[in-house]
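Asker: The structure is given below, and queries will be raised subsequently.
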Protein chains: 2
Amino acid sequence: MKVYKTIKEVKSYRANLKDLAFVPTMGALHTGHLSLIELAKEKPVAVSIFVNPLQFNDKSDFEKYPRDVERDLKKLQGVDFVFVPEPEEILGERLTKVSVADISTKLEGKFRPGHFDGVSTIVATLFNIIEPTDVWFGEKDFQQVVLIEQMVRDLKFNINIHRAPIVREASGLALSSRNERLSDNGKSEAASISKGLFKMREAALKGEKNIEKLKQIYRDLCTLEIEYIEVVDELTLDPITSVASKSRALTAVWCDGVRLIDNVSLYA
Amino acid sequence: MKVYKTIKEVKSYRANLKDLAFVPTMGALHTGHLSLIELAKEKPVAVSIFVNPLQFNDKSDFEKYPRDVERDLKKLQGVDFVFVPEPEEILGERLTKVSVADISTKLEGKFRPGHFDGVSTIVATLFNIIEPTDVWFGEKDFQQVVLIEQMVRDLKFNINIHRAPIVREASGLALSSRNERLSDNGKSEAASISKGLFKMREAALKGEKNIEKLKQIYRDLCTLEIEYIEVVDELTLDPITSVASKSRALTAVWCDGVRLIDNVSLYA
């Protein structure tokens, strides 16, 4: 497995490959990332590890974001190359911004101003560097994958975007690099997020269409400080008034001073 | 010479080429465009003809923009393929915007709000469709080429941007598709633009460093309604207070209700 720090190295390796799958990450790799890489492995696979400063609206979240590249590299198996750029390799003067209207300001965008512009700008940049044919994203960051799919359609990137399901702990807690910052007690409290979401889903599958009633199920079960719980149309991410064919519940909560997100589909 | 209307056709042809030069145009081809194509011909050449609605801040300018694809195609020699998409092939839902901060709002950007965001968004899209290794722009749209160079650096497009000098009529008038809309009298008045710019250059080369004096030379010679005459640093496009090593004079004027631009370097 090669480890490249520069765009030049990537380009020189890339030139010899026809197809290339790509899994962009911010490091602190967990089983969720590894499942994406396993899914990607039908083709040669590139992984990037880059903690993107542009997507952190909260400076302290950026500073506290777990970083341990040595440990990350040990976890990677069967990957063709890992791109681990220094910030200046990616950021440069950075006057150019890629933004996806509307999607970037809904849901998470309301609470994290600028976050999604930072995501789309750096993901577009990584796409231009890696030139992948296939890119894998996890559904844990559901709005992110919707945003990237829209960007790819609009800017006509010649890339297939793939979605992979959320990987969860036995407790139901969605895997996240930020979980590393939770106390034991926080971790067990955080299990109530998925408990609440799964109960919403169960009720919806049984025929409950009333959004307020569904949200109340979540609020009754989740023991943490809820930033939002929303039920939206999966395609537009707009709130809906009654459960329909492609509805999804999304939430953000605070636990031990860490912001956690999760989501679940409300259809079979 | 192939004429393609769809991205799919472009992709299928592109797959068989290693290098590809690209000349994006809005049609109404003149000798300026043809000179770009000649310069590009060290490699296989693609030309696009697409009147980009996103870059017109003035609806009537968009409607009046000359369109004659049949005539354009006859002018193209030694080009591998021409991409002539319908608007829906390029625009789609179009929620994504690429914008280059600061550069997009200076000079022309002040008078044509949104213009450069429209340019960078569609040029990025065309880059993703055509996947060129080399792209040629004329210096007539000087701010445009600076903008695109910045975008390519920031988003790490794997593309060499080339600048080609302005092609002028014998009168000195810079070639432009919009010249087609000028009356005979307008055309001869419009020659005073380059006359003024060339005199500024001559004075600067002789040692005149005072910006106001240089601008006055232009104002004394140009007989048209001047929207702006500015002397800027070529790299930043910021106004300068005294002529320096990389100074350029840029202007926009109105003639017969048509907006014309031109520019000249103030160094040897």
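Following the order of the structure tokens, first chain is A, next is B, and so on, with residues numbered from 1 inside each chain and ligands from 1 in the order they appear.
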Out of region 5-184 of chain A, which residues get strand (DSSP E) from DSSP, as a ChimeraX atom specification?
Answerer: /A:21-25,45-49,81-83,96-100,134-138,160-164
Asker: Write the residues of the preceding selection, restricted to C-alpha atoms, as an mmCIF file, in the first residue's frame.
Answerer:
```cif
data_model
loop_
_atom_site.group_PDB
_atom_site.id
_atom_site.type_symbol
_atom_site.label_atom_id
_atom_site.label_comp_id
_atom_site.auth_asym_id
_atom_site.auth_seq_id
_atom_site.Cartn_x
_atom_site.Cartn_y
_atom_site.Cartn_z
ATOM 1 C CA ALA A 21 -12.763 3.562 -6.469
ATOM 2 C CA PHE A 22 -12.321 6.241 -3.834
ATOM 3 C CA VAL A 23 -13.251 6.519 -0.173
ATOM 4 C CA PRO A 24 -12.672 10.050 1.171
ATOM 5 C CA THR A 25 -12.246 10.150 4.970
ATOM 6 C CA VAL A 45 -9.230 1.556 -4.121
ATOM 7 C CA ALA A 46 -7.825 4.902 -3.018
ATOM 8 C CA VAL A 47 -8.495 6.286 0.460
ATOM 9 C CA SER A 48 -7.861 9.880 1.475
ATOM 10 C CA ILE A 49 -7.225 10.999 5.040
ATOM 11 C CA PHE A 81 -2.978 3.934 -2.129
ATOM 12 C CA VAL A 82 -3.712 6.333 0.668
ATOM 13 C CA PHE A 83 -3.590 10.058 0.048
ATOM 14 C CA THR A 96 -12.885 29.184 -5.077
ATOM 15 C CA LYS A 97 -15.968 27.793 -3.407
ATOM 16 C CA VAL A 98 -18.344 25.103 -4.633
ATOM 17 C CA SER A 99 -21.766 25.343 -3.054
ATOM 18 C CA VAL A 100 -24.965 23.406 -3.567
ATOM 19 C CA ASP A 134 -16.532 5.368 -8.238
ATOM 20 C CA VAL A 135 -16.828 7.038 -4.843
ATOM 21 C CA TRP A 136 -18.283 5.566 -1.676
ATOM 22 C CA PHE A 137 -20.076 7.507 1.055
ATOM 23 C CA GLY A 138 -21.788 6.231 4.179
ATOM 24 C CA ASN A 160 -20.626 6.965 -9.848
ATOM 25 C CA ILE A 161 -21.576 7.822 -6.280
ATOM 26 C CA HIS A 162 -22.394 4.813 -4.091
ATOM 27 C CA ARG A 163 -24.179 4.857 -0.751
ATOM 28 C CA ALA A 164 -23.341 2.379 1.963
#
```
Asker: What are the residues of chain B lining chain A at 7 Å or less? Count only C-alpha atoms, and put the answer as a list in words.
Answerer: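 The answer, sorted by residue number, is Gly92, Glu93, Arg94, Leu95, Thr96, Lys97, Val98, Ser99, Val100, Ala101, Ala124, Thr125, Asn128, Ile129, Met151, Asp154, Leu155, Lys156, Phe157 and Asn158 of chain B.
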Asker: Give me a file of those residues, with N, CA and C atoms, as a PDB file, in the first residue's frame.
Answerer:
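Now in result00.pdb:
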```pdb
ATOM      1  N   GLY B  92     -29.470  21.239 -16.423  1.00  0.00           N
ATOM      2  CA  GLY B  92     -30.142  20.330 -15.501  1.00  0.00           C
ATOM      3  C   GLY B  92     -30.843  21.076 -14.385  1.00  0.00           C
ATOM      4  N   GLU B  93     -30.773  20.534 -13.177  1.00  0.00           N
ATOM      5  CA  GLU B  93     -31.419  21.200 -12.035  1.00  0.00           C
ATOM      6  C   GLU B  93     -30.585  22.398 -11.600  1.00  0.00           C
ATOM      7  N   ARG B  94     -29.277  22.247 -11.759  1.00  0.00           N
ATOM      8  CA  ARG B  94     -28.337  23.338 -11.500  1.00  0.00           C
ATOM      9  C   ARG B  94     -28.560  24.013 -10.138  1.00  0.00           C
ATOM     10  N   LEU B  95     -28.267  23.282  -9.079  1.00  0.00           N
ATOM     11  CA  LEU B  95     -28.280  23.873  -7.744  1.00  0.00           C
ATOM     12  C   LEU B  95     -26.868  24.254  -7.321  1.00  0.00           C
ATOM     13  N   THR B  96     -25.876  23.733  -8.057  1.00  0.00           N
ATOM     14  CA  THR B  96     -24.487  23.896  -7.636  1.00  0.00           C
ATOM     15  C   THR B  96     -23.840  25.083  -8.331  1.00  0.00           C
ATOM     16  N   LYS B  97     -23.140  25.875  -7.543  1.00  0.00           N
ATOM     17  CA  LYS B  97     -22.472  27.054  -8.084  1.00  0.00           C
ATOM     18  C   LYS B  97     -21.004  26.998  -7.717  1.00  0.00           C
ATOM     19  N   VAL B  98     -20.158  27.337  -8.687  1.00  0.00           N
ATOM     20  CA  VAL B  98     -18.732  27.469  -8.420  1.00  0.00           C
ATOM     21  C   VAL B  98     -18.421  28.957  -8.473  1.00  0.00           C
ATOM     22  N   SER B  99     -17.870  29.502  -7.394  1.00  0.00           N
ATOM     23  CA  SER B  99     -17.546  30.926  -7.462  1.00  0.00           C
ATOM     24  C   SER B  99     -16.144  31.187  -6.929  1.00  0.00           C
ATOM     25  N   VAL B 100     -15.507  32.153  -7.554  1.00  0.00           N
ATOM     26  CA  VAL B 100     -14.121  32.487  -7.222  1.00  0.00           C
ATOM     27  C   VAL B 100     -14.140  33.843  -6.523  1.00  0.00           C
ATOM     28  N   ALA B 101     -13.974  33.786  -5.200  1.00  0.00           N
ATOM     29  CA  ALA B 101     -14.136  34.993  -4.379  1.00  0.00           C
ATOM     30  C   ALA B 101     -13.208  36.106  -4.841  1.00  0.00           C
ATOM     31  N   ALA B 124     -16.389  24.975 -15.278  1.00  0.00           N
ATOM     32  CA  ALA B 124     -16.065  23.778 -14.481  1.00  0.00           C
ATOM     33  C   ALA B 124     -16.855  22.571 -14.999  1.00  0.00           C
ATOM     34  N   THR B 125     -18.099  22.793 -15.330  1.00  0.00           N
ATOM     35  CA  THR B 125     -18.950  21.719 -15.850  1.00  0.00           C
ATOM     36  C   THR B 125     -18.401  21.212 -17.188  1.00  0.00           C
ATOM     37  N   ASN B 128     -15.403  19.076 -16.715  1.00  0.00           N
ATOM     38  CA  ASN B 128     -15.734  17.713 -16.285  1.00  0.00           C
ATOM     39  C   ASN B 128     -16.283  16.868 -17.428  1.00  0.00           C
ATOM     40  N   ILE B 129     -16.932  17.522 -18.361  1.00  0.00           N
ATOM     41  CA  ILE B 129     -17.491  16.785 -19.506  1.00  0.00           C
ATOM     42  C   ILE B 129     -16.383  16.438 -20.500  1.00  0.00           C
ATOM     43  N   MET B 151      -9.449  29.278 -10.420  1.00  0.00           N
ATOM     44  CA  MET B 151     -10.331  28.135 -10.159  1.00  0.00           C
ATOM     45  C   MET B 151      -9.589  26.818 -10.367  1.00  0.00           C
ATOM     46  N   ASP B 154      -7.222  26.299  -7.455  1.00  0.00           N
ATOM     47  CA  ASP B 154      -7.907  26.003  -6.195  1.00  0.00           C
ATOM     48  C   ASP B 154      -8.547  24.621  -6.198  1.00  0.00           C
ATOM     49  N   LEU B 155      -9.243  24.297  -7.266  1.00  0.00           N
ATOM     50  CA  LEU B 155      -9.953  23.009  -7.300  1.00  0.00           C
ATOM     51  C   LEU B 155      -9.081  21.890  -7.857  1.00  0.00           C
ATOM     52  N   LYS B 156      -7.837  22.202  -8.182  1.00  0.00           N
ATOM     53  CA  LYS B 156      -6.848  21.204  -8.611  1.00  0.00           C
ATOM     54  C   LYS B 156      -7.272  20.453  -9.872  1.00  0.00           C
ATOM     55  N   PHE B 157      -7.887  21.188 -10.789  1.00  0.00           N
ATOM     56  CA  PHE B 157      -8.150  20.577 -12.097  1.00  0.00           C
ATOM     57  C   PHE B 157      -6.809  20.215 -12.717  1.00  0.00           C
ATOM     58  N   ASN B 158      -6.759  19.052 -13.334  1.00  0.00           N
ATOM     59  CA  ASN B 158      -5.518  18.567 -13.934  1.00  0.00           C
ATOM     60  C   ASN B 158      -5.405  19.100 -15.369  1.00  0.00           C
TER      61      ASN B 158
END
```
Asker: Choose the residue, out of B:Lys206, B:Arg168, B:Lys140, B:Lys213, that has the smallest atom-to-atom separation from Ala252 (chain B); count only C-alpha atoms.
Answerer: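 Selected residue with least distance to Ala252 (chain B): B:Lys140.
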Asker: With only C-alpha atoms as the counted atoms, please give the residues lying no more than 9 Å from Leu107 (chain A), apart from itself and same-chain residues fewer than 3 positions off, as a VMD selection string.
Answerer: chain A and resid 103 to 104 110 to 112 143 228 230 237 to 238 250 to 251
Asker: Any chance you can output those residues with N, CA and C atoms as an mmCIF file, in the first residue's frame?
Answerer:
```cif
data_model
loop_
_atom_site.group_PDB
_atom_site.id
_atom_site.type_symbol
_atom_site.label_atom_id
_atom_site.label_comp_id
_atom_site.auth_asym_id
_atom_site.auth_seq_id
_atom_site.Cartn_x
_atom_site.Cartn_y
_atom_site.Cartn_z
ATOM 1 N N ILE A 103 -29.702 22.610 -0.529
ATOM 2 C CA ILE A 103 -29.325 21.414 0.233
ATOM 3 C C ILE A 103 -28.345 21.807 1.338
ATOM 4 N N SER A 104 -27.446 22.736 1.021
ATOM 5 C CA SER A 104 -26.395 23.102 1.982
ATOM 6 C C SER A 104 -26.921 23.888 3.182
ATOM 7 N N LYS A 110 -28.468 24.422 8.882
ATOM 8 C CA LYS A 110 -28.988 25.469 9.769
ATOM 9 C C LYS A 110 -28.129 25.601 11.015
ATOM 10 N N PHE A 111 -27.621 24.476 11.486
ATOM 11 C CA PHE A 111 -26.877 24.471 12.750
ATOM 12 C C PHE A 111 -25.367 24.576 12.520
ATOM 13 N N ARG A 112 -24.938 24.287 11.311
ATOM 14 C CA ARG A 112 -23.507 24.329 11.012
ATOM 15 C C ARG A 112 -23.261 25.202 9.780
ATOM 16 N N GLN A 143 -27.207 13.746 4.685
ATOM 17 C CA GLN A 143 -27.331 14.985 3.911
ATOM 18 C C GLN A 143 -26.098 15.201 3.042
ATOM 19 N N TYR A 228 -32.115 18.694 16.889
ATOM 20 C CA TYR A 228 -33.307 18.614 16.043
ATOM 21 C C TYR A 228 -33.671 17.156 15.805
ATOM 22 N N GLU A 230 -36.089 15.649 12.659
ATOM 23 C CA GLU A 230 -36.896 16.071 11.514
ATOM 24 C C GLU A 230 -37.259 14.862 10.664
ATOM 25 N N LEU A 237 -34.934 16.689 0.890
ATOM 26 C CA LEU A 237 -34.591 17.010 2.290
ATOM 27 C C LEU A 237 -35.538 18.056 2.885
ATOM 28 N N ASP A 238 -36.689 18.276 2.223
ATOM 29 C CA ASP A 238 -37.684 19.188 2.790
ATOM 30 C C ASP A 238 -38.546 18.453 3.812
ATOM 31 N N LEU A 250 -34.145 12.312 10.596
ATOM 32 C CA LEU A 250 -32.752 12.698 10.860
ATOM 33 C C LEU A 250 -32.692 13.462 12.175
ATOM 34 N N THR A 251 -31.615 13.255 12.888
ATOM 35 C CA THR A 251 -31.494 13.916 14.178
ATOM 36 C C THR A 251 -30.053 14.322 14.469
#
```
Asker: Among region 21-235 of chain B, which residues does DSSP mark as helix (DSSP H, G or I) when it is run on the backbone? Keep the chain and numbering as in the structure and answer as a ChimeraX atom specification.
Answerer: /B:31-40,53-55,59-64,69-75,87-91,103-105,108-111,115-130,139-155,177-181,184-205,211-221
Asker: Keeping only C-alpha atoms, write the selected residues to a file as an mmCIF file, in the first residue's frame.
Answerer:
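Result saved to out.cif:
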```
data_model
loop_
_atom_site.group_PDB
_atom_site.id
_atom_site.type_symbol
_atom_site.label_atom_id
_atom_site.label_comp_id
_atom_site.auth_asym_id
_atom_site.auth_seq_id
_atom_site.Cartn_x
_atom_site.Cartn_y
_atom_site.Cartn_z
ATOM 1 C CA THR B 31 -10.765 35.073 -36.219
ATOM 2 C CA GLY B 32 -10.015 35.411 -32.511
ATOM 3 C CA HIS B 33 -11.558 32.003 -31.823
ATOM 4 C CA LEU B 34 -9.879 30.502 -34.863
ATOM 5 C CA SER B 35 -6.497 31.737 -33.647
ATOM 6 C CA LEU B 36 -7.087 29.940 -30.336
ATOM 7 C CA ILE B 37 -7.895 26.770 -32.210
ATOM 8 C CA GLU B 38 -4.759 27.071 -34.343
ATOM 9 C CA LEU B 39 -2.652 27.470 -31.201
ATOM 10 C CA ALA B 40 -4.392 24.491 -29.569
ATOM 11 C CA PRO B 53 -27.372 31.723 -19.978
ATOM 12 C CA LEU B 54 -25.885 31.825 -16.453
ATOM 13 C CA GLN B 55 -23.221 34.335 -17.470
ATOM 14 C CA LYS B 59 -31.471 39.214 -20.433
ATOM 15 C CA SER B 60 -31.624 41.281 -23.611
ATOM 16 C CA ASP B 61 -27.877 40.799 -24.164
ATOM 17 C CA PHE B 62 -28.486 37.034 -23.902
ATOM 18 C CA GLU B 63 -31.368 37.176 -26.367
ATOM 19 C CA LYS B 64 -29.471 39.346 -28.837
ATOM 20 C CA VAL B 69 -24.242 27.162 -35.469
ATOM 21 C CA GLU B 70 -24.290 26.164 -39.152
ATOM 22 C CA ARG B 71 -22.063 29.091 -40.061
ATOM 23 C CA ASP B 72 -19.819 28.364 -37.070
ATOM 24 C CA LEU B 73 -19.343 24.722 -38.030
ATOM 25 C CA LYS B 74 -18.256 25.725 -41.540
ATOM 26 C CA LYS B 75 -15.473 27.842 -40.061
ATOM 27 C CA PRO B 87 -29.200 23.927 -22.640
ATOM 28 C CA GLU B 88 -30.836 21.069 -20.706
ATOM 29 C CA GLU B 89 -27.820 18.817 -21.341
ATOM 30 C CA ILE B 90 -25.675 21.274 -19.392
ATOM 31 C CA LEU B 91 -27.980 23.084 -17.016
ATOM 32 C CA ILE B 103 -11.902 38.021 -8.590
ATOM 33 C CA SER B 104 -15.564 37.543 -9.520
ATOM 34 C CA THR B 105 -16.657 40.829 -7.988
ATOM 35 C CA GLU B 108 -16.411 43.578 -14.777
ATOM 36 C CA GLY B 109 -17.980 41.891 -11.768
ATOM 37 C CA LYS B 110 -19.114 45.264 -10.401
ATOM 38 C CA PHE B 111 -21.046 46.013 -13.571
ATOM 39 C CA HIS B 115 -21.587 37.060 -14.557
ATOM 40 C CA PHE B 116 -18.393 35.396 -13.361
ATOM 41 C CA ASP B 117 -20.176 32.873 -11.138
ATOM 42 C CA GLY B 118 -22.020 31.844 -14.291
ATOM 43 C CA VAL B 119 -18.717 31.581 -16.135
ATOM 44 C CA SER B 120 -16.868 29.546 -13.493
ATOM 45 C CA THR B 121 -19.824 27.225 -12.911
ATOM 46 C CA ILE B 122 -20.287 26.362 -16.570
ATOM 47 C CA VAL B 123 -16.576 26.235 -17.382
ATOM 48 C CA ALA B 124 -16.065 23.778 -14.481
ATOM 49 C CA THR B 125 -18.950 21.719 -15.850
ATOM 50 C CA LEU B 126 -17.471 21.734 -19.359
ATOM 51 C CA PHE B 127 -14.078 20.733 -17.925
ATOM 52 C CA ASN B 128 -15.734 17.713 -16.285
ATOM 53 C CA ILE B 129 -17.491 16.785 -19.506
ATOM 54 C CA ILE B 130 -14.595 17.270 -21.927
ATOM 55 C CA GLU B 139 -6.853 37.624 -23.330
ATOM 56 C CA LYS B 140 -9.673 39.776 -24.649
ATOM 57 C CA ASP B 141 -11.677 38.512 -21.667
ATOM 58 C CA PHE B 142 -8.703 39.143 -19.415
ATOM 59 C CA GLN B 143 -10.514 38.873 -16.099
ATOM 60 C CA GLN B 144 -12.112 35.629 -17.254
ATOM 61 C CA VAL B 145 -8.781 33.926 -17.850
ATOM 62 C CA VAL B 146 -7.447 35.125 -14.468
ATOM 63 C CA LEU B 147 -10.623 33.756 -12.846
ATOM 64 C CA ILE B 148 -10.339 30.380 -14.564
ATOM 65 C CA GLU B 149 -6.650 30.069 -13.715
ATOM 66 C CA GLN B 150 -7.500 30.683 -10.063
ATOM 67 C CA MET B 151 -10.331 28.135 -10.159
ATOM 68 C CA VAL B 152 -8.048 25.532 -11.729
ATOM 69 C CA ARG B 153 -5.398 26.120 -9.054
ATOM 70 C CA ASP B 154 -7.907 26.003 -6.195
ATOM 71 C CA LEU B 155 -9.953 23.009 -7.300
ATOM 72 C CA SER B 177 -18.928 38.336 -31.325
ATOM 73 C CA ARG B 178 -20.765 41.421 -30.124
ATOM 74 C CA ASN B 179 -19.130 43.512 -32.892
ATOM 75 C CA GLU B 180 -21.684 41.941 -35.245
ATOM 76 C CA ARG B 181 -24.275 44.155 -33.600
ATOM 77 C CA ASP B 184 -20.685 50.871 -39.600
ATOM 78 C CA ASN B 185 -20.456 54.162 -37.803
ATOM 79 C CA GLY B 186 -20.314 52.372 -34.446
ATOM 80 C CA LYS B 187 -17.504 50.195 -35.676
ATOM 81 C CA SER B 188 -15.408 53.133 -36.688
ATOM 82 C CA GLU B 189 -16.125 54.905 -33.351
ATOM 83 C CA ALA B 190 -15.189 51.688 -31.554
ATOM 84 C CA ALA B 191 -11.708 51.875 -33.024
ATOM 85 C CA SER B 192 -11.097 54.736 -30.585
ATOM 86 C CA ILE B 193 -11.063 52.220 -27.693
ATOM 87 C CA SER B 194 -7.842 50.550 -28.764
ATOM 88 C CA LYS B 195 -6.460 53.892 -29.921
ATOM 89 C CA GLY B 196 -6.826 55.164 -26.371
ATOM 90 C CA LEU B 197 -5.434 51.991 -24.810
ATOM 91 C CA PHE B 198 -2.422 51.915 -27.127
ATOM 92 C CA LYS B 199 -1.624 55.546 -26.303
ATOM 93 C CA MET B 200 -1.787 54.720 -22.582
ATOM 94 C CA ARG B 201 0.615 51.850 -23.174
ATOM 95 C CA GLU B 202 2.961 54.035 -25.196
ATOM 96 C CA ALA B 203 3.032 56.644 -22.431
ATOM 97 C CA ALA B 204 3.612 53.983 -19.770
ATOM 98 C CA LEU B 205 6.455 52.429 -21.743
ATOM 99 C CA ILE B 211 -2.390 56.417 -13.186
ATOM 100 C CA GLU B 212 -4.685 59.432 -13.408
ATOM 101 C CA LYS B 213 -2.610 60.910 -16.244
ATOM 102 C CA LEU B 214 -2.679 57.606 -18.105
ATOM 103 C CA LYS B 215 -6.447 57.310 -17.703
ATOM 104 C CA GLN B 216 -6.851 60.844 -18.970
ATOM 105 C CA ILE B 217 -4.975 59.932 -22.161
ATOM 106 C CA TYR B 218 -7.602 57.240 -22.731
ATOM 107 C CA ARG B 219 -10.535 59.503 -21.905
ATOM 108 C CA ASP B 220 -9.212 62.117 -24.340
ATOM 109 C CA LEU B 221 -9.058 59.616 -27.217
#
```
Asker: Please provide as a list in words all residues within 8 Å of Val253 (chain B), with the sequence filter that same-chain residues fewer than 4 positions apart are discarded (counting only C-alpha atoms).
Answerer: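 What passes the distance filter is Leu224, Glu225, Ile226, Glu227, Tyr228, Arg259, Leu260 and Ile261 of chain B.
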Asker: Got time to write the residues from that selection, C-alpha atoms, as a PDB file, in the first residue's frame?
Answerer:
```pdb
ATOM      1  CA  LEU B 224     -17.582  56.469 -26.642  1.00  0.00           C
ATOM      2  CA  GLU B 225     -19.452  56.306 -23.329  1.00  0.00           C
ATOM      3  CA  ILE B 226     -16.846  54.850 -20.958  1.00  0.00           C
ATOM      4  CA  GLU B 227     -18.209  52.564 -18.236  1.00  0.00           C
ATOM      5  CA  TYR B 228     -14.806  52.196 -16.646  1.00  0.00           C
ATOM      6  CA  ARG B 259     -21.161  46.781 -24.287  1.00  0.00           C
ATOM      7  CA  LEU B 260     -17.560  46.307 -25.471  1.00  0.00           C
ATOM      8  CA  ILE B 261     -14.458  45.466 -23.438  1.00  0.00           C
TER       9      ILE B 261
END
```
Asker: Between CA of Ala249 (chain A) and CA of Asn263 (chain A), what is the spacing in Å?
Answerer: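 Separation of CA of Asn263 (chain A) and CA of Ala249 (chain A): 5.5 Å.
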Asker: What does the structure give for the distance between CA of Leu20 (chain A) and CA of Tyr4 (chain B), in Å to one decimal?
Answerer: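 Those two atoms sit 26.9 Å apart.
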Asker: Report, in Å with one decimal, the straight-line distance from CA of Ile229 (chain A) to CA of Ser183 (chain A).
Answerer: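 Taking CA of Ile229 (chain A) as the start and CA of Ser183 (chain A) as the end point, the length is 23.5 Å.
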